[in-house]
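First up is the structure itself, then whatever we jot down about it.
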Amino acid sequence: MRPVSTGPPPGGGPGWGSGWGSAQQPEPKARGRRGGLIAAVLVAALVAGGLGGGLGYTLARNDDNGGSTTASASDSGAAQVKRAPNSIAGVAAKALPSTVTIESEGSNGQGGTGTGFVFDTQGHIVTNNHVVADAVDGGKLTATFPSGKKYDAEVVGHAQGYDVAVIKLKNAPSDLNPLSLGDSDKVAVGDETIAIGAPFGLSNTVTTGIISAKNRPVASSDGSSDSKASYMSALQTDASINPGNSGGPLLDERGAVIGINSAIQSSSSGGLGSTGQSGSIGLGFAIPINQAKYVAQQLIKSGKPVYAKIGASVSLEDGTSGATITDQGVGGAASVESGGPADQAGLKSGDVITKLDDHVIDSGPTLIGEIWTHKPGDKVTITYKRGGKEHTTSVTLGSRVGDN
């Protein structure tokens with residue numbers, strides 16, 4: 001689960017071509033002995049719990065000898081408990097068999113744990129790009145179902161900008177049940193949410209919450225020197241999600257996927273077991289499923305992502321007044337692509353974009369995130385300021401194939 005900036009990244013430069021974002025430093029991944037420390041803490045807690053249960057049973061038996069009476073639910077009574085299919089327990093029971101815990105390992109031995117979910121009956125699994133990034137070039141991937149069945153997998157395609165990836169199970173079983181996909185455009189603040197994942201490696205964990213905000217501009221990165229930021233117009237949830245939840249489904253109350261859990265707002269302090277990874281503070285962010293579905297379909301079709309673009313370079317510096325078209329593009333190129341969508345719409349260097357359709361634009365990263373919720377060929381209305389006066393123009397979005 002990636003730490004995020006819910007605004008423009010610090011120190012950003014112009015443009016979003018080959019350098020479309022500025023890296024945010026994440027908390028370091030837990031590996032090696034630190035991972036062992038977490039396991040040891042968890043095992044110790046479980047042993048203590050078992051010991052407490054044993055003592056409780058012994059004391060109860062001793063009390064019986066003293067003439068006291070205790071009452072407990074019978075085994076047959078417990079077996080009669082029925083849970084409605086639309087209850088949290090019912091939704092979880094149906095969705096869990098279609099989620100997997102992903103182990104990713106690079107050729108250098110580094111890697112991590114994340115989550116994914118069954119996308120189709122052919123064995124395609126949708127997850128985050130940052131979950132599988134270590135295994136893209138000659139690494140190893142495995143996907144484990146709650147039943148314990150483990151499959152080797154391979155990366156079909158990955159989109160760093162969207163932070164979406166598709167992997168495919170090798171020798172996929174014939175009885176896969178894809179999770180149903182909802183409509184993230186129809187999600188409302190206050191809707192109930194259910195998150196499934198492997199927080200801190202604890203597979204098949206279910207947490208609940210609500211949608212606490214929509215269209216939240218989020219920029220996140222894994223912090224590596226060659227990393228580009230991912231931009232989202234995200235669904236915000238207070239469901240508890242932590243490192244390891246990345247790539248897992250965010251479900252609505254009916255059990256339909258409305259988002260892919262991708263990032264958390266983290267505090268500066270370390271998390272469980274002093275790993276250096278911060279845990280949930282109730283601010284999690286998910287990629288809307290309508291966007292993720294489109295990206296996944298493109299990756300399955302061609303192995304490469306397709307991005308919508310306006311053909312202009314904008315500043316990524318901090319600010320709240322809008323997205324400013326820069327004086328110069330990446331590598332000294334023109335800030336407005338000749339003949340591109342922005343050029344055809346009459347936009348120029350120095351223009352400050354303040355709205356895209358009905359969405360307020362307060363920075364360059366916010367603009368990028370909003371553009372990427374659209375598809376190439378979509379027509380959008382852009383509001384901008386030039387010389388202190390406000391103007392509007394219609395832009396037909398162009399396309400760019402691949403992350404480079």
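Each chain of the structure tokens is named A, B, ... in the order shown, its residues numbered from 1; ligands are numbered from 1 in display order.
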
Practice task
Within region 79-217 of chain A, find each residue whose DSSP state, derived from the backbone, is strand (DSSP E or B), and express the selection as an MDAnalysis selection string.
Solution key: chainID A and resid 99:105 111:118 124:127 140:144 150:159 164:169 181 192:197 205:217

Exercise for the section: List every residue of region 64-285 of chain A that DSSP, applied to the backbone of this structure, places in helix (DSSP H, G or I), and write the result as a PyMOL selection string. Expected result: chain A and resi 64-65+75-79+88-98+129-135+184-186+199-201+272-274

Keeping only C-alpha atoms, write the selected residues to a file as a compact mmCIF listing (two decimals), in the first residue's frame.
# COMPACT_ATOMS: atom_id res chain seq x y z
CA ASP A 64 -18.22 -26.43 38.48
CA ASN A 65 -16.88 -28.49 41.34
CA ASP A 75 -22.86 -26.73 18.90
CA SER A 76 -26.15 -27.44 17.20
CA GLY A 77 -27.37 -23.94 17.97
CA ALA A 78 -24.26 -22.38 16.47
CA ALA A 79 -24.70 -24.43 13.33
CA ILE A 88 -21.06 -8.20 5.37
CA ALA A 89 -20.40 -11.83 6.23
CA GLY A 90 -22.44 -12.96 3.22
CA VAL A 91 -20.66 -10.61 0.82
CA ALA A 92 -17.25 -11.60 2.19
CA ALA A 93 -18.03 -15.31 1.91
CA LYS A 94 -18.92 -14.88 -1.76
CA ALA A 95 -16.04 -12.55 -2.69
CA LEU A 96 -13.12 -14.11 -0.82
CA PRO A 97 -12.78 -17.19 -3.08
CA SER A 98 -12.19 -14.80 -6.02
CA ASN A 129 1.30 -1.95 -10.93
CA HIS A 130 3.40 -1.36 -7.81
CA VAL A 131 2.46 -4.82 -6.50
CA VAL A 132 4.07 -6.60 -9.47
CA ALA A 133 6.69 -4.04 -10.53
CA ASP A 134 9.59 -6.04 -9.03
CA ALA A 135 8.69 -9.07 -11.15
CA SER A 184 -17.95 3.83 -9.67
CA ASP A 185 -19.61 6.88 -11.25
CA LYS A 186 -22.75 6.13 -9.23
CA PRO A 199 -2.48 -6.23 5.32
CA PHE A 200 1.05 -6.82 6.59
CA GLY A 201 0.89 -10.25 4.96
CA LEU A 272 3.20 -2.62 13.32
CA GLY A 273 6.35 -4.27 14.66
CA SER A 274 8.47 -1.14 14.00

Find the residues around region 230-235 of chain A up to 7 Å (only C-alpha atoms counted), leave out those fewer than 2 positions away in its own chain, and share them as a compact mmCIF listing (two decimals) with C-alpha atoms, in the first residue's frame.
# COMPACT_ATOMS: atom_id res chain seq x y z
CA GLN A 160 2.64 2.83 -14.15
CA GLY A 161 0.68 6.07 -14.57
CA TYR A 162 -2.65 4.45 -13.74
CA ASP A 163 -1.05 2.07 -11.19
CA ILE A 211 -16.95 6.19 1.01
CA ALA A 213 -15.00 11.39 -0.36
CA LYS A 214 -14.97 11.18 -4.16
CA ASN A 215 -12.74 12.62 -6.89
CA ARG A 216 -9.85 13.00 -4.46
CA PRO A 217 -6.68 14.05 -6.34
CA VAL A 218 -3.93 11.64 -5.31
CA ALA A 219 -0.33 11.28 -6.47
CA SER A 220 1.70 8.30 -5.28
CA SER A 221 5.03 6.68 -6.08
CA LYS A 228 7.05 8.13 -12.19
CA THR A 237 -12.59 5.32 2.14
CA PHE A 285 -7.68 5.64 -1.68
CA ALA A 286 -8.96 3.39 -4.45
CA ILE A 287 -8.77 3.64 -8.24
CA PRO A 288 -12.38 3.89 -9.51
CA PRO A 365 -1.57 16.68 -10.82
CA ILE A 368 -3.76 14.87 -14.99
CA GLY A 369 -5.85 12.69 -12.70
CA GLU A 370 -9.08 14.08 -14.14

Problem - Non-local contacts of Ile241 (chain A) (7 Å; only C-alpha atoms; under 4 positions in same chain excluded) as a list in words - result: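 The residues satisfying every condition are Pro199, Asn245, Ser280 and Gly284 of chain A.
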
Quick one: write out the picked residues with all heavy atoms as a compact mmCIF listing (two decimals), in the first residue's frame?
# COMPACT_ATOMS: atom_id res chain seq x y z
N PRO A 199 -3.24 -7.25 4.60
CA PRO A 199 -2.48 -6.23 5.32
C PRO A 199 -1.35 -6.83 6.14
O PRO A 199 -1.57 -7.76 6.91
CB PRO A 199 -3.55 -5.58 6.22
CG PRO A 199 -4.61 -6.63 6.37
CD PRO A 199 -4.62 -7.35 5.06
N ASN A 245 -2.69 -4.52 1.35
CA ASN A 245 -4.03 -4.40 0.77
C ASN A 245 -3.97 -3.95 -0.69
O ASN A 245 -4.98 -4.06 -1.42
CB ASN A 245 -4.88 -3.40 1.54
CG ASN A 245 -5.58 -3.99 2.74
OD1 ASN A 245 -5.16 -3.78 3.88
ND2 ASN A 245 -6.64 -4.75 2.50
N SER A 280 -2.93 2.09 8.87
CA SER A 280 -4.13 2.84 8.52
C SER A 280 -4.41 3.94 9.52
O SER A 280 -4.36 3.74 10.74
CB SER A 280 -5.33 1.90 8.45
OG SER A 280 -6.53 2.64 8.30
N GLY A 284 -7.83 5.94 3.12
CA GLY A 284 -7.40 5.05 2.05
C GLY A 284 -7.97 5.52 0.72
O GLY A 284 -9.01 6.19 0.67

Handout entry: Who sits within 12 Å of Gly114 (chain A), only C-alpha atoms, same chain under 3 positions skipped, as number ranges by chain
Key = A: 1-2, 29, 99-105, 111, 117, 126-134, 141-144, 165, 196-205, 241-249, 260-263

Can I get the selection written as a tab-separated table (two decimals), in the first residue's frame, with C-alpha atoms?
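Printed below is again01.tsv as written:
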chain	number	residue	atom	x	y	z
A	1	MET	CA	0.00	0.00	0.00
A	2	ARG	CA	1.62	3.22	-1.15
A	29	LYS	CA	9.20	-2.02	2.57
A	99	THR	CA	-9.34	-12.87	-4.40
A	100	VAL	CA	-5.67	-13.82	-4.31
A	101	THR	CA	-2.60	-12.91	-2.30
A	102	ILE	CA	0.22	-12.01	-4.70
A	103	GLU	CA	3.87	-12.61	-3.93
A	104	SER	CA	6.21	-10.68	-6.21
A	105	GLU	CA	9.96	-11.20	-6.34
A	111	GLY	CA	9.77	-8.06	-3.60
A	117	PHE	CA	-8.94	-10.32	-7.80
A	126	VAL	CA	-6.25	-7.36	-11.75
A	127	THR	CA	-3.96	-5.68	-9.23
A	128	ASN	CA	-1.77	-2.59	-8.80
A	129	ASN	CA	1.30	-1.95	-10.93
A	130	HIS	CA	3.40	-1.36	-7.81
A	131	VAL	CA	2.46	-4.82	-6.50
A	132	VAL	CA	4.07	-6.60	-9.47
A	133	ALA	CA	6.69	-4.04	-10.53
A	134	ASP	CA	9.59	-6.04	-9.03
A	141	LEU	CA	5.02	-14.12	-9.37
A	142	THR	CA	2.69	-16.38	-7.43
A	143	ALA	CA	-1.01	-16.01	-6.63
A	144	THR	CA	-2.54	-17.88	-3.70
A	165	ALA	CA	-1.57	-4.21	-13.79
A	196	ILE	CA	-10.33	-7.38	1.05
A	197	GLY	CA	-6.58	-7.82	1.15
A	198	ALA	CA	-3.46	-9.04	2.92
A	199	PRO	CA	-2.48	-6.23	5.32
A	200	PHE	CA	1.05	-6.82	6.59
A	201	GLY	CA	0.89	-10.25	4.96
A	202	LEU	CA	-2.29	-11.34	6.79
A	203	SER	CA	-4.10	-12.84	3.81
A	204	ASN	CA	-7.87	-12.86	3.35
A	205	THR	CA	-8.53	-9.97	5.71
A	241	ILE	CA	-6.36	-0.73	4.57
A	242	ASN	CA	-2.65	-1.18	5.12
A	243	PRO	CA	0.51	-2.27	3.27
A	244	GLY	CA	-0.48	-5.54	1.61
A	245	ASN	CA	-4.03	-4.40	0.77
A	246	SER	CA	-2.72	-2.91	-2.49
A	247	GLY	CA	-4.48	-4.29	-5.54
A	248	GLY	CA	-7.37	-5.74	-3.57
A	249	PRO	CA	-11.01	-5.01	-4.33
A	260	ILE	CA	-8.93	-1.07	-6.46
A	261	ASN	CA	-7.30	-0.26	-3.12
A	262	SER	CA	-4.08	1.49	-4.04
A	263	ALA	CA	-2.76	4.00	-1.52

Problem - 8 Å contact set for region 302-314 of chain A, only C-alpha atoms, chain neighbours under 6 positions out, as a ChimeraX atom specification - result: /A:14-17,156-159,295,323-326,328-330,335-337,340-343,364,371-372,374-377,395-403

So that I have them on file, write out the residues from the current selection with N, CA and C atoms, as an mmCIF file, in the first residue's frame.
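As a result, result-v2.cif now contains:
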data_model
loop_
_atom_site.group_PDB
_atom_site.id
_atom_site.type_symbol
_atom_site.label_atom_id
_atom_site.label_comp_id
_atom_site.auth_asym_id
_atom_site.auth_seq_id
_atom_site.Cartn_x
_atom_site.Cartn_y
_atom_site.Cartn_z
ATOM 1 N N PRO A 14 7.851 20.774 -15.002
ATOM 2 C CA PRO A 14 6.836 20.916 -16.029
ATOM 3 C C PRO A 14 6.576 19.619 -16.763
ATOM 4 N N GLY A 15 5.363 19.526 -17.226
ATOM 5 C CA GLY A 15 5.047 18.464 -18.175
ATOM 6 C C GLY A 15 4.600 17.170 -17.586
ATOM 7 N N TRP A 16 4.090 16.300 -18.447
ATOM 8 C CA TRP A 16 3.797 14.928 -18.035
ATOM 9 C C TRP A 16 4.019 14.014 -19.207
ATOM 10 N N GLY A 17 5.134 14.218 -19.909
ATOM 11 C CA GLY A 17 5.489 13.331 -21.005
ATOM 12 C C GLY A 17 6.297 12.187 -20.442
ATOM 13 N N VAL A 156 0.868 -9.701 -17.736
ATOM 14 C CA VAL A 156 0.317 -9.504 -19.078
ATOM 15 C C VAL A 156 0.575 -8.080 -19.547
ATOM 16 N N GLY A 157 0.406 -7.140 -18.652
ATOM 17 C CA GLY A 157 0.639 -5.731 -18.965
ATOM 18 C C GLY A 157 0.551 -4.912 -17.698
ATOM 19 N N HIS A 158 1.213 -3.756 -17.695
ATOM 20 C CA HIS A 158 1.190 -2.897 -16.516
ATOM 21 C C HIS A 158 1.219 -1.443 -16.932
ATOM 22 N N ALA A 159 0.531 -0.614 -16.164
ATOM 23 C CA ALA A 159 0.430 0.815 -16.448
ATOM 24 C C ALA A 159 0.890 1.586 -15.228
ATOM 25 N N VAL A 295 -8.586 0.277 -18.353
ATOM 26 C CA VAL A 295 -7.138 0.044 -18.411
ATOM 27 C C VAL A 295 -6.847 -1.446 -18.521
ATOM 28 N N ALA A 323 -4.029 24.722 -12.887
ATOM 29 C CA ALA A 323 -2.921 24.064 -13.588
ATOM 30 C C ALA A 323 -2.394 25.014 -14.648
ATOM 31 N N THR A 324 -1.162 25.465 -14.460
ATOM 32 C CA THR A 324 -0.577 26.452 -15.365
ATOM 33 C C THR A 324 0.178 25.767 -16.494
ATOM 34 N N ILE A 325 -0.155 26.122 -17.739
ATOM 35 C CA ILE A 325 0.597 25.618 -18.891
ATOM 36 C C ILE A 325 1.963 26.290 -18.889
ATOM 37 N N THR A 326 3.002 25.487 -18.890
ATOM 38 C CA THR A 326 4.369 25.988 -18.702
ATOM 39 C C THR A 326 4.898 26.705 -19.933
ATOM 40 N N GLN A 328 7.785 25.961 -21.209
ATOM 41 C CA GLN A 328 8.553 24.983 -21.987
ATOM 42 C C GLN A 328 8.159 23.579 -21.564
ATOM 43 N N GLY A 329 8.169 22.660 -22.528
ATOM 44 C CA GLY A 329 7.825 21.277 -22.237
ATOM 45 C C GLY A 329 9.025 20.471 -21.795
ATOM 46 N N VAL A 330 8.832 19.162 -21.663
ATOM 47 C CA VAL A 330 9.896 18.265 -21.230
ATOM 48 C C VAL A 330 11.011 18.226 -22.269
ATOM 49 N N SER A 335 5.672 23.737 -25.087
ATOM 50 C CA SER A 335 4.752 23.433 -23.994
ATOM 51 C C SER A 335 3.386 23.013 -24.505
ATOM 52 N N VAL A 336 3.020 23.486 -25.690
ATOM 53 C CA VAL A 336 1.768 23.087 -26.324
ATOM 54 C C VAL A 336 2.101 22.364 -27.621
ATOM 55 N N GLU A 337 1.743 21.096 -27.704
ATOM 56 C CA GLU A 337 2.051 20.270 -28.867
ATOM 57 C C GLU A 337 1.393 20.835 -30.126
ATOM 58 N N GLY A 340 -1.874 19.514 -31.636
ATOM 59 C CA GLY A 340 -2.492 18.642 -30.640
ATOM 60 C C GLY A 340 -3.821 19.190 -30.149
ATOM 61 N N PRO A 341 -4.472 18.453 -29.239
ATOM 62 C CA PRO A 341 -5.788 18.866 -28.757
ATOM 63 C C PRO A 341 -5.809 20.267 -28.148
ATOM 64 N N ALA A 342 -4.833 20.597 -27.292
ATOM 65 C CA ALA A 342 -4.806 21.909 -26.654
ATOM 66 C C ALA A 342 -4.581 23.011 -27.682
ATOM 67 N N ASP A 343 -3.679 22.756 -28.626
ATOM 68 C CA ASP A 343 -3.392 23.726 -29.688
ATOM 69 C C ASP A 343 -4.640 23.999 -30.515
ATOM 70 N N GLY A 364 -1.609 20.973 -11.338
ATOM 71 C CA GLY A 364 -1.299 20.109 -12.476
ATOM 72 C C GLY A 364 -1.641 18.651 -12.236
ATOM 73 N N ILE A 371 -8.021 14.068 -16.340
ATOM 74 C CA ILE A 371 -7.926 13.694 -17.755
ATOM 75 C C ILE A 371 -7.881 12.182 -17.896
ATOM 76 N N TRP A 372 -7.155 11.517 -16.986
ATOM 77 C CA TRP A 372 -6.983 10.068 -17.095
ATOM 78 C C TRP A 372 -8.224 9.290 -16.681
ATOM 79 N N HIS A 374 -10.832 9.862 -18.295
ATOM 80 C CA HIS A 374 -11.498 9.860 -19.601
ATOM 81 C C HIS A 374 -10.761 8.953 -20.588
ATOM 82 N N LYS A 375 -11.383 8.733 -21.721
ATOM 83 C CA LYS A 375 -10.807 7.939 -22.794
ATOM 84 C C LYS A 375 -10.423 8.851 -23.959
ATOM 85 N N PRO A 376 -9.422 8.453 -24.751
ATOM 86 C CA PRO A 376 -9.099 9.227 -25.956
ATOM 87 C C PRO A 376 -10.341 9.391 -26.822
ATOM 88 N N GLY A 377 -10.524 10.591 -27.344
ATOM 89 C CA GLY A 377 -11.691 10.878 -28.177
ATOM 90 C C GLY A 377 -12.823 11.542 -27.425
ATOM 91 N N VAL A 395 -12.304 20.681 -25.796
ATOM 92 C CA VAL A 395 -11.108 19.930 -26.173
ATOM 93 C C VAL A 395 -11.483 18.475 -26.434
ATOM 94 N N THR A 396 -11.059 17.956 -27.585
ATOM 95 C CA THR A 396 -11.199 16.526 -27.871
ATOM 96 C C THR A 396 -9.894 15.852 -27.505
ATOM 97 N N LEU A 397 -9.928 14.989 -26.520
ATOM 98 C CA LEU A 397 -8.714 14.402 -25.972
ATOM 99 C C LEU A 397 -8.021 13.483 -26.969
ATOM 100 N N GLY A 398 -6.700 13.594 -27.019
ATOM 101 C CA GLY A 398 -5.898 12.714 -27.860
ATOM 102 C C GLY A 398 -5.483 11.474 -27.084
ATOM 103 N N SER A 399 -4.511 10.731 -27.621
ATOM 104 C CA SER A 399 -4.087 9.496 -26.964
ATOM 105 C C SER A 399 -2.579 9.350 -26.982
ATOM 106 N N ARG A 400 -2.087 8.612 -26.018
ATOM 107 C CA ARG A 400 -0.678 8.256 -25.937
ATOM 108 C C ARG A 400 -0.603 6.811 -25.512
ATOM 109 N N VAL A 401 0.178 6.009 -26.225
ATOM 110 C CA VAL A 401 0.293 4.588 -25.931
ATOM 111 C C VAL A 401 1.582 4.327 -25.161
ATOM 112 N N GLY A 402 1.476 3.615 -24.055
ATOM 113 C CA GLY A 402 2.647 3.231 -23.273
ATOM 114 C C GLY A 402 3.002 4.238 -22.208
ATOM 115 N N ASP A 403 3.894 3.829 -21.302
ATOM 116 C CA ASP A 403 4.295 4.689 -20.196
ATOM 117 C C ASP A 403 5.445 5.620 -20.565
#

Handout entry: Proximity to Thr115 (chain A) - best of A:Leu250, A:Ala296, A:Ile281, A:Ile210, only C-alpha atoms
Key =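 Nearest candidate to Thr115 (chain A) out of A:Leu250, A:Ala296, A:Ile281, A:Ile210: A:Leu250.
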